[in-house]
Structure formats: structure tokens, C-alpha cells
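Enquirer: Dumping the structure here so I can ask a few things about it.
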Amino acid sequence: MPTQHSRVTARLMMTPAVLLLLGWMLVPLGLTLYFSLLRYNLLMPGMEQWTGLDNYRYFLTDPAFLDALRNTLLLVGGVLVITITGGVLLALLLDQAFWGRGIVRLLMIAPFFIMPTVSALVWKNMFMNPVTGLLAHAAKVVGLEPFDFLAVAPLFSIILMVSWQWLPFATLILLTALQSLDSEQLEASEMDGANSLDRFIFIVLPHLARAITVVILIQTIFLLSIFAEILVTTNGGPGTASTNLTFQIYALSLLQFDVGGGAAGGVIAIILANIVAIFLMRMIGRNLDA
Amino acid sequence: MGQIRLKAVSKSFGDVEVIPPLDLEIGDGEFVVFVGPSGCGKSTLLRLIAGLEDATSGCIEIDDVDATILAPAKRRLAMVFQSYALYPHMTVRANMAFPLRMAGIERDERKKKVEAAARVLNLTEYLDRRPGQLSGGQRQRVAIGRAIVREPAAFLFDEPLSNLDAALRVNMRLEISELHRNLATTMIYVTHDQVEAMTMAEKIVVLQGGRIEQVGSPLDLYHAPCNVFVAGFIGSPRMNFISGAEAARHGASTIGIRPEHLAISNEEGTWQGRVGIAEHLGSETFLHVHLAEDQGTFTVRAGGDVDLGHDETVHLTPDASRIHRFDAVGQRLA
């Protein structure tokens, strides 16, 4: 237990950092709140005027808002499902001893180092292009009609791209968790009559619960703000089919120059992110307790 | 029933032969201890019996049935691991019920068996806790409980007490011995601690470099060790050895004498020496005596009230009937 003295010292030492972080957070938040209450369009400079909650009303009643909300949740949920299922399976695979394991592990994490814009463009032009893409070629080889991913299933295509990027992260975290599993536990369960499926369900999966929680929490933070992939592939379309909240706010404030509306959308996004966070912590937060 | 027979069982990891072919018979209800220095293959041997390692050659029979290629779960053996290997996310109850659950036994039956085992092991009030909330000794008991509920043909213990502190170890030693008396099930126990081996075993198997050096009751091994290794390994403090002219006088290449079979005197005796360190334990004293003419250092066990200090000259006389004689390759001479 820390002594009274060390507690006081600790608080003193932390104060500058806490104040800095607080300022860093409060100033932009305050400005956003302020702008969200103004009628403020860059096309009409100098015409700013107080409008109260109008910006919020417009944003929430815009039919595009519900689409964006649904797309955001689908994007986050879809990527989470794919990366965690795939990550667990890949981690199990990479945990086995096989020839060239070191190289494979190294290659595994490569997608994580590729910039989102680059990977999205590679996917768009090299794989998913219905004329020149590899997937189109593959489809033609087996006699199928090429599938125009980005036009027919834009959100699903983006989910695929983002999953490809985040799969290494999930795999790495889950692999390290898997390696920390006591092999005697597995042997004990083997002696206790558990077959390999039982061992996975009763021993391995519970052991991975905490790592899975960490992956879900961290990925959710980043996935709520996916932007680059949408910008360089579909631009949110067709229509609003692949517009998420982040992209909608971008479109509002930087394509329509409506700073006030964009700020209101930002505030709503913050609130939604917190609602998601509360739900997540309720559902899986207990896994983090020792 | 729990009769285990090893026939020419060997184990190699790649090119390294860890256990050369060996034969061993373990009778029903016996308490057998595998003892030896670390790396002697005793744990490997236990894992071969358990089925966690595959034998490179040879045959393992359990109750006269060939079990060499049987899966671990099918051998009706239960194992207690050094790290206890409890499942951390399950309660004590779920831990102990796990083997029954895997065997497809009904919930009510499971509950009854787990509670019966918990009563035997004094774990009833901890049934709903998780392993992380238990002390080392309690975790050990849960591990034993998980083994008991299956009513196995034999228990395998892999150095189960080495993570406990000294006082608890003495306690658990008694508890395991008592458990063996009550259950009368075969137990195979691996340890590197010869005190555990001597106190618990009905039959000790001394291993070195994967080979069986000697099999016998604790007192057999103490009184008639068949070679220098067993003589030095069994007994605490270890046996004193002397070779050269002194040994030749007894018609051997090496002779051994236990610290408790040396008489100490100030005036006269067979060997003369200087007292080095004296360890006073109260009930007894261990004297480290440097023999004259550089013949080595002897450990002598003397009474608790011996008042000999550093650098005093003493004389040692061995009990002639308790001298162990060994030939040039270390084998016992009759």
C-alpha cells in the first residue's frame, strides 16, 4: 500500500500531465459545442448567428443520419466478427510448430503496416475492379460473371478491406494470449477425457476471453472512425450505402461547408461512441477483472 | 485394480535417448516413488505411463491390457501436476466435476461425487471459490480432488509438493500417505526429494540417466544400496565415501559409511581429523570433519549435546558391520 506521503507526491507529479490532457480535450470540445449552436456556413462568411439546437434537429432528422448510424454499427460489428473469428483460428494455426513459422508470422503482421488509403486502393484496383481485378479474373476462370463489389455491395467490400487490415492485430494479440496458456492445463484436461474440441471450448476459449475483450475494445475505438477507406473507394456511395457517421460529418462540414451542422454531428458521434462504450463495458468489461 | 507393467519401454527425443529400454512392475495398490536427480527421466517415465508422451518402443500394460497406444483419458489414470494445472476460470466445484462432465456423467451424480470428494479433502467450504482465491495447499487438494472423483485405476503425482513451503509439505506428505491408506489405490509419485521418497514409498525406484538403478523398499535401499549412486542418493546427510588404501584394507575399491554409523571420540579411533563446520540442530549435530592426510571430508552425525568446535582434533571409528563396500565400477560387494 502506498503511504500518505507517496500518494501526495504521486498526485503532484501527475498534475502537469493531467492538466495538459484536460486542456487538450476541453478546448476542442468546447469549440465544437460552441460551433454546433451557430448557423455557420463557410460559403457565407461573417453571417454566423445563434440558432440554438437547430443544427442538431437538422442532423437527427436527416434520413441520411439513420443510414449512417446503421452503416457505422454494421461496419464495426462486421469487422469485429470477422477479425475475432479469423484471429482465433489464425492464432491457433500459428501456434502450431510448422516449417517456416517465423517467416509466416512476420508476413502475417504486414497488412497492419500498410496505410489505410494504400490498402484500400490496392483492394479497389487490384482485386475488386470488375474489369481488371484479380477477383474478376478468378471468377471468369471458373466461368462466373465478375462481381462488381464496390457498386453492388459497397459496405460489405469496405468491411472486407478493413477486416484484412485488422486481422493481424487480432491475431497477434490472441497468439500471445494463446502462448501464455499453461500447457499443463491442456495436458490435465486431456487426462480428464476432453477431446480437442472440448479443450478448445472449455480451456482455450475461456483463457482467451480477456485478450478477446481487449481486441474488441481497442478495435471498436478505431473502427468507429473509419474514414480513409471510404473516401478513396466509394466516397460514401452509391447514395449513402457506405456512408458512416465519420464520413457524413466530413461531407457536411467540408463538402457542404456547414461548420455548424458538422459540429453538431460530431457531438452526436461523441454521445453515440459513449453509448457503445457503456454497452461494451457492461457486456464484456468483467473479463478485465483479474 | 491398478496394476501397471512396463516391458522394454524406451523413449527418445530425436537422436537423444532419454530412457533406454527398461522393465518395471507396479503391483495393485502399491505406493511407488520414482526418485532421482533432476533430468534423470523420472517425469518422462511418468508421462509415458500417463500417455502424455508416446513410448518410442516397448509396451505398457495396465491391468494386463496393452495400453501403449491408448489415449491418456482411456487409461483410467489420474494425474496431479506440479503446477496443479487447475482451470482458473472454473470454480473449485467445476474443476473437480470436469472429468466427470467429460465422461458424460449426469449432473446429480456429478454433484454427489464432487461433494463426497470435497468432504474427504476438507474442501467443502471452498467449493464455490476459484483457484485464484485459494492458498497453495488448498489448490493442491483441489488437484487431488479432481483426480479422486474419477476413481482411477492409479494416481500419478508429478512432484506435487515442490511448490509448497516446508511446513505445508510435511503436512501434505502425511495427507497423501493417509489418502493412499484409505483408498488403497495404486499411486506413482515422482520426486527429486529423497526424504519424500523414504517417508511415503512402499517401493522406491531410483533412476539415473533414464536407467533404473535399484528398486526396493525404503529400508532395503538404505541398508543395502546396490551401487555407489544409490548409496549416495538415499539417506540424509549423504553417505561418506573413501577410496584408496583405506578401502583396499576392506578388500574394496571404495567403501562407504553413513554419518550416523560413525562414532566420535577425543582420544582414539580409526581415522583422525579436524572439525570444520559444526551444524547444531538441537536434537543432533552434524560435524564436517576434514580427515588427516587429505583423505576427504566426512559428515558425522553426533548427539545434540556434543560440544566440539572449529579446528578441534577428533577421532572417528566406523561401525564395522555397517561399512558398505563397492568395487571399481561402483557395484556393491557382497
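For the C-alpha cells, the naming scheme is as follows: chains receive sequential letters (A, B, ...) according to their order of presentation, residues are indexed from 1 within each chain, and ligands are indexed from 1 in presentation order.
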Within 8 Å of chain B, which residues of chain A come that close, and what is the closest atom pair and distance in Å for each? Count only C-alpha atoms and give it as JSON lines.

Expert:
```
{"residue": "A:Asp182", "atom": "CA", "partner": "B:Ala85", "partner_atom": "CA", "distance": 7.5}
{"residue": "A:Glu184", "atom": "CA", "partner": "B:Ala85", "partner_atom": "CA", "distance": 5.5}
{"residue": "A:Gln185", "atom": "CA", "partner": "B:Ala85", "partner_atom": "CA", "distance": 4.6}
{"residue": "A:Glu187", "atom": "CA", "partner": "B:Leu52", "partner_atom": "CA", "distance": 7.1}
{"residue": "A:Ala188", "atom": "CA", "partner": "B:Ala85", "partner_atom": "CA", "distance": 6.4}
{"residue": "A:Ser189", "atom": "CA", "partner": "B:Pro99", "partner_atom": "CA", "distance": 7.7}
{"residue": "A:Glu190", "atom": "CA", "partner": "B:Ala73", "partner_atom": "CA", "distance": 6.4}
{"residue": "A:Met191", "atom": "CA", "partner": "B:Ala73", "partner_atom": "CA", "distance": 4.7}
{"residue": "A:Asp192", "atom": "CA", "partner": "B:Pro99", "partner_atom": "CA", "distance": 4.5}
{"residue": "A:Gly193", "atom": "CA", "partner": "B:Ala73", "partner_atom": "CA", "distance": 4.4}
{"residue": "A:Ala194", "atom": "CA", "partner": "B:Met102", "partner_atom": "CA", "distance": 5.8}
{"residue": "A:Ile203", "atom": "CA", "partner": "B:Tyr87", "partner_atom": "CA", "distance": 7.1}
{"residue": "A:Pro206", "atom": "CA", "partner": "B:His89", "partner_atom": "CA", "distance": 6.7}
{"residue": "A:His207", "atom": "CA", "partner": "B:His89", "partner_atom": "CA", "distance": 7.6}
```

Enquirer: Identify, on the basis of only C-alpha atoms, every residue whose closest approach to Leu107 (chain A) does not exceed 12 Å; exclude the query and any residue fewer than 6 positions from it along the same chain; express the result as an NGL selection string.

Expert: :A and (94 or 100-101 or 113 or 168 or 172)

Enquirer: Can you tell me which residues surround region 2-7 of chain B at a distance of at most 12 Å, considering only C-alpha atoms, apart from same-chain residues fewer than 2 positions away, and format the answer as a PyMOL selection string?

Expert: chain B and resi 9-10+20-32+45-46+48-50+55+57-68+75-78+151-156+183-188

Enquirer: May I have the selected residues written with N, CA and C atoms, as a compact mmCIF listing (two decimals), in the first residue's frame?

Expert:
```txt
# COMPACT_ATOMS: atom_id res chain seq x y z
N VAL B 9 10.30 -50.59 -22.21
CA VAL B 9 9.83 -49.28 -22.66
C VAL B 9 11.01 -48.34 -22.82
N SER B 10 11.07 -47.65 -23.95
CA SER B 10 12.14 -46.67 -24.13
C SER B 10 11.54 -45.41 -24.72
N PRO B 20 16.56 -45.49 -21.90
CA PRO B 20 16.86 -46.74 -22.58
C PRO B 20 15.86 -47.80 -22.14
N PRO B 21 15.67 -48.85 -22.92
CA PRO B 21 14.63 -49.82 -22.61
C PRO B 21 14.67 -50.26 -21.15
N LEU B 22 13.55 -50.19 -20.48
CA LEU B 22 13.52 -50.62 -19.08
C LEU B 22 12.25 -51.41 -18.78
N ASP B 23 12.35 -52.27 -17.80
CA ASP B 23 11.21 -53.08 -17.35
C ASP B 23 10.88 -52.68 -15.92
N LEU B 24 9.59 -52.65 -15.64
CA LEU B 24 9.18 -52.30 -14.28
C LEU B 24 7.80 -52.85 -14.04
N GLU B 25 7.60 -53.34 -12.84
CA GLU B 25 6.29 -53.86 -12.50
C GLU B 25 5.77 -53.14 -11.27
N ILE B 26 4.54 -52.65 -11.34
CA ILE B 26 3.94 -51.94 -10.22
C ILE B 26 2.67 -52.69 -9.83
N GLY B 27 2.65 -53.18 -8.61
CA GLY B 27 1.54 -54.01 -8.18
C GLY B 27 0.31 -53.20 -7.84
N ASP B 28 -0.85 -53.85 -7.78
CA ASP B 28 -2.09 -53.18 -7.44
C ASP B 28 -2.02 -52.63 -6.01
N GLY B 29 -2.37 -51.37 -5.84
CA GLY B 29 -2.42 -50.76 -4.52
C GLY B 29 -1.08 -50.32 -3.97
N GLU B 30 -0.05 -50.46 -4.76
CA GLU B 30 1.27 -50.08 -4.26
C GLU B 30 1.48 -48.57 -4.30
N PHE B 31 2.27 -48.07 -3.38
CA PHE B 31 2.72 -46.68 -3.43
C PHE B 31 4.17 -46.69 -3.89
N VAL B 32 4.37 -46.33 -5.15
CA VAL B 32 5.70 -46.40 -5.74
C VAL B 32 6.22 -44.99 -5.94
N LEU B 45 9.21 -40.74 -17.56
CA LEU B 45 8.69 -42.08 -17.35
C LEU B 45 7.21 -42.01 -16.91
N LEU B 46 6.93 -41.06 -16.01
CA LEU B 46 5.55 -40.90 -15.54
C LEU B 46 4.64 -40.48 -16.69
N LEU B 48 5.09 -41.13 -19.77
CA LEU B 48 4.89 -42.29 -20.65
C LEU B 48 3.74 -43.14 -20.13
N ILE B 49 3.75 -43.34 -18.82
CA ILE B 49 2.68 -44.15 -18.23
C ILE B 49 1.33 -43.44 -18.40
N ALA B 50 1.35 -42.11 -18.23
CA ALA B 50 0.11 -41.35 -18.34
C ALA B 50 -0.40 -41.31 -19.78
N ALA B 55 5.61 -43.82 -26.14
CA ALA B 55 6.82 -44.61 -25.99
C ALA B 55 7.44 -44.85 -27.37
N SER B 57 9.58 -47.30 -28.03
CA SER B 57 9.41 -48.74 -28.26
C SER B 57 8.98 -49.36 -26.94
N GLY B 58 8.61 -50.64 -26.99
CA GLY B 58 8.20 -51.32 -25.77
C GLY B 58 6.70 -51.28 -25.58
N CYS B 59 6.28 -51.76 -24.43
CA CYS B 59 4.86 -52.00 -24.23
C CYS B 59 4.48 -51.64 -22.79
N ILE B 60 3.39 -50.92 -22.64
CA ILE B 60 2.89 -50.55 -21.32
C ILE B 60 1.57 -51.28 -21.09
N GLU B 61 1.51 -52.08 -20.05
CA GLU B 61 0.27 -52.80 -19.77
C GLU B 61 -0.35 -52.27 -18.49
N ILE B 62 -1.65 -51.97 -18.56
CA ILE B 62 -2.37 -51.57 -17.36
C ILE B 62 -3.43 -52.64 -17.12
N ASP B 63 -3.39 -53.27 -15.99
CA ASP B 63 -4.30 -54.38 -15.68
C ASP B 63 -4.30 -55.41 -16.80
N ASP B 64 -3.11 -55.78 -17.24
CA ASP B 64 -2.92 -56.83 -18.25
C ASP B 64 -3.47 -56.48 -19.62
N VAL B 65 -3.84 -55.19 -19.83
CA VAL B 65 -4.31 -54.77 -21.14
C VAL B 65 -3.23 -53.87 -21.74
N ASP B 66 -2.90 -54.11 -22.98
CA ASP B 66 -1.88 -53.29 -23.63
C ASP B 66 -2.42 -51.87 -23.80
N ALA B 67 -1.75 -50.92 -23.15
CA ALA B 67 -2.23 -49.54 -23.18
C ALA B 67 -1.25 -48.63 -23.90
N THR B 68 -0.28 -49.23 -24.60
CA THR B 68 0.81 -48.42 -25.17
C THR B 68 0.29 -47.31 -26.07
N ARG B 75 -6.91 -44.51 -20.23
CA ARG B 75 -6.07 -45.40 -19.42
C ARG B 75 -6.55 -45.49 -17.98
N ARG B 76 -7.58 -44.75 -17.65
CA ARG B 76 -8.14 -44.73 -16.30
C ARG B 76 -7.11 -44.32 -15.26
N LEU B 77 -6.24 -43.39 -15.65
CA LEU B 77 -5.25 -42.88 -14.70
C LEU B 77 -5.57 -41.41 -14.44
N ALA B 78 -5.27 -40.95 -13.23
CA ALA B 78 -5.47 -39.54 -12.93
C ALA B 78 -4.12 -38.97 -12.52
N GLU B 151 -12.26 -41.91 -9.67
CA GLU B 151 -11.99 -43.27 -9.20
C GLU B 151 -11.08 -44.00 -10.19
N PRO B 152 -9.87 -43.48 -10.37
CA PRO B 152 -8.98 -44.03 -11.38
C PRO B 152 -8.34 -45.34 -10.91
N ALA B 153 -7.74 -46.04 -11.86
CA ALA B 153 -7.03 -47.27 -11.52
C ALA B 153 -5.74 -46.95 -10.77
N ALA B 154 -5.16 -45.81 -11.08
CA ALA B 154 -3.93 -45.40 -10.39
C ALA B 154 -3.82 -43.88 -10.42
N PHE B 155 -3.17 -43.34 -9.39
CA PHE B 155 -2.88 -41.91 -9.35
C PHE B 155 -1.44 -41.68 -9.75
N LEU B 156 -1.21 -40.64 -10.53
CA LEU B 156 0.15 -40.26 -10.88
C LEU B 156 0.41 -38.88 -10.29
N LEU B 183 -7.75 -45.14 0.35
CA LEU B 183 -8.26 -45.52 -0.97
C LEU B 183 -7.70 -46.85 -1.43
N ALA B 184 -6.48 -47.18 -0.93
CA ALA B 184 -5.81 -48.41 -1.34
C ALA B 184 -5.70 -48.52 -2.86
N THR B 185 -5.51 -47.36 -3.51
CA THR B 185 -5.33 -47.35 -4.97
C THR B 185 -3.84 -47.21 -5.27
N THR B 186 -3.45 -47.77 -6.40
CA THR B 186 -2.05 -47.63 -6.82
C THR B 186 -1.69 -46.16 -6.95
N MET B 187 -0.53 -45.80 -6.43
CA MET B 187 -0.06 -44.42 -6.62
C MET B 187 1.37 -44.44 -7.10
N ILE B 188 1.64 -43.62 -8.10
CA ILE B 188 3.01 -43.46 -8.57
C ILE B 188 3.38 -42.00 -8.35
```

Enquirer: Write out as a PyMOL selection string which residues come within 10 Å of Ala211 (chain A) when counting only C-alpha atoms, dropping same-chain ones fewer than 3 positions away.

Expert: chain A and resi 170+173-178+205-208+214-217+287-288

Enquirer: Hey, what's within 6 Å of region 123-139 of chain A if we count only C-alpha atoms and toss same-chain stuff fewer than 3 positions away? As a PyMOL selection string, please?

Expert: chain A and resi 120+142+144+146+148-149

Enquirer: Just the alpha helix (DSSP H) stuff from region 37-274 of chain B, please, per backbone DSSP, written as an NGL selection string.

Expert: :B and (42-50 or 92-102 or 107-120 or 136-148 or 166-183 or 194-200 or 218-223 or 228-233 or 245-249)

Enquirer: When you look at region 155-166 of chain A with a cut-off of 8 Å (counting only C-alpha atoms), what residues show up, excluding the ones that are within fewer than 6 positions of it in the same chain? I need them as a ChimeraX atom specification.

Expert: /A:71,75,78-80,82-83,111-112,114,116,119-120,123,149,219,229-230,241-242

Enquirer: Rounded to one decimal in Å, what is the spacing between CA of Ala17 (chain A) and CA of Ile221 (chain A)?

Expert: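 Between CA of Ala17 (chain A) and CA of Ile221 (chain A) the gap is 22.5 Å.
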
Enquirer: Between A:Asp95, A:Asp258, A:Asp198, A:Asp67, which residue has the minimum interatomic distance to Asn244 (chain A), considering only C-alpha atoms?

Expert: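 Of all the options, A:Asp67 lies closest to Asn244 (chain A).
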
Enquirer: In Å, how far is it from CA of His290 (chain B) to CA of Gly232 (chain B)?

Expert: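 So the answer is 18.6 Å.
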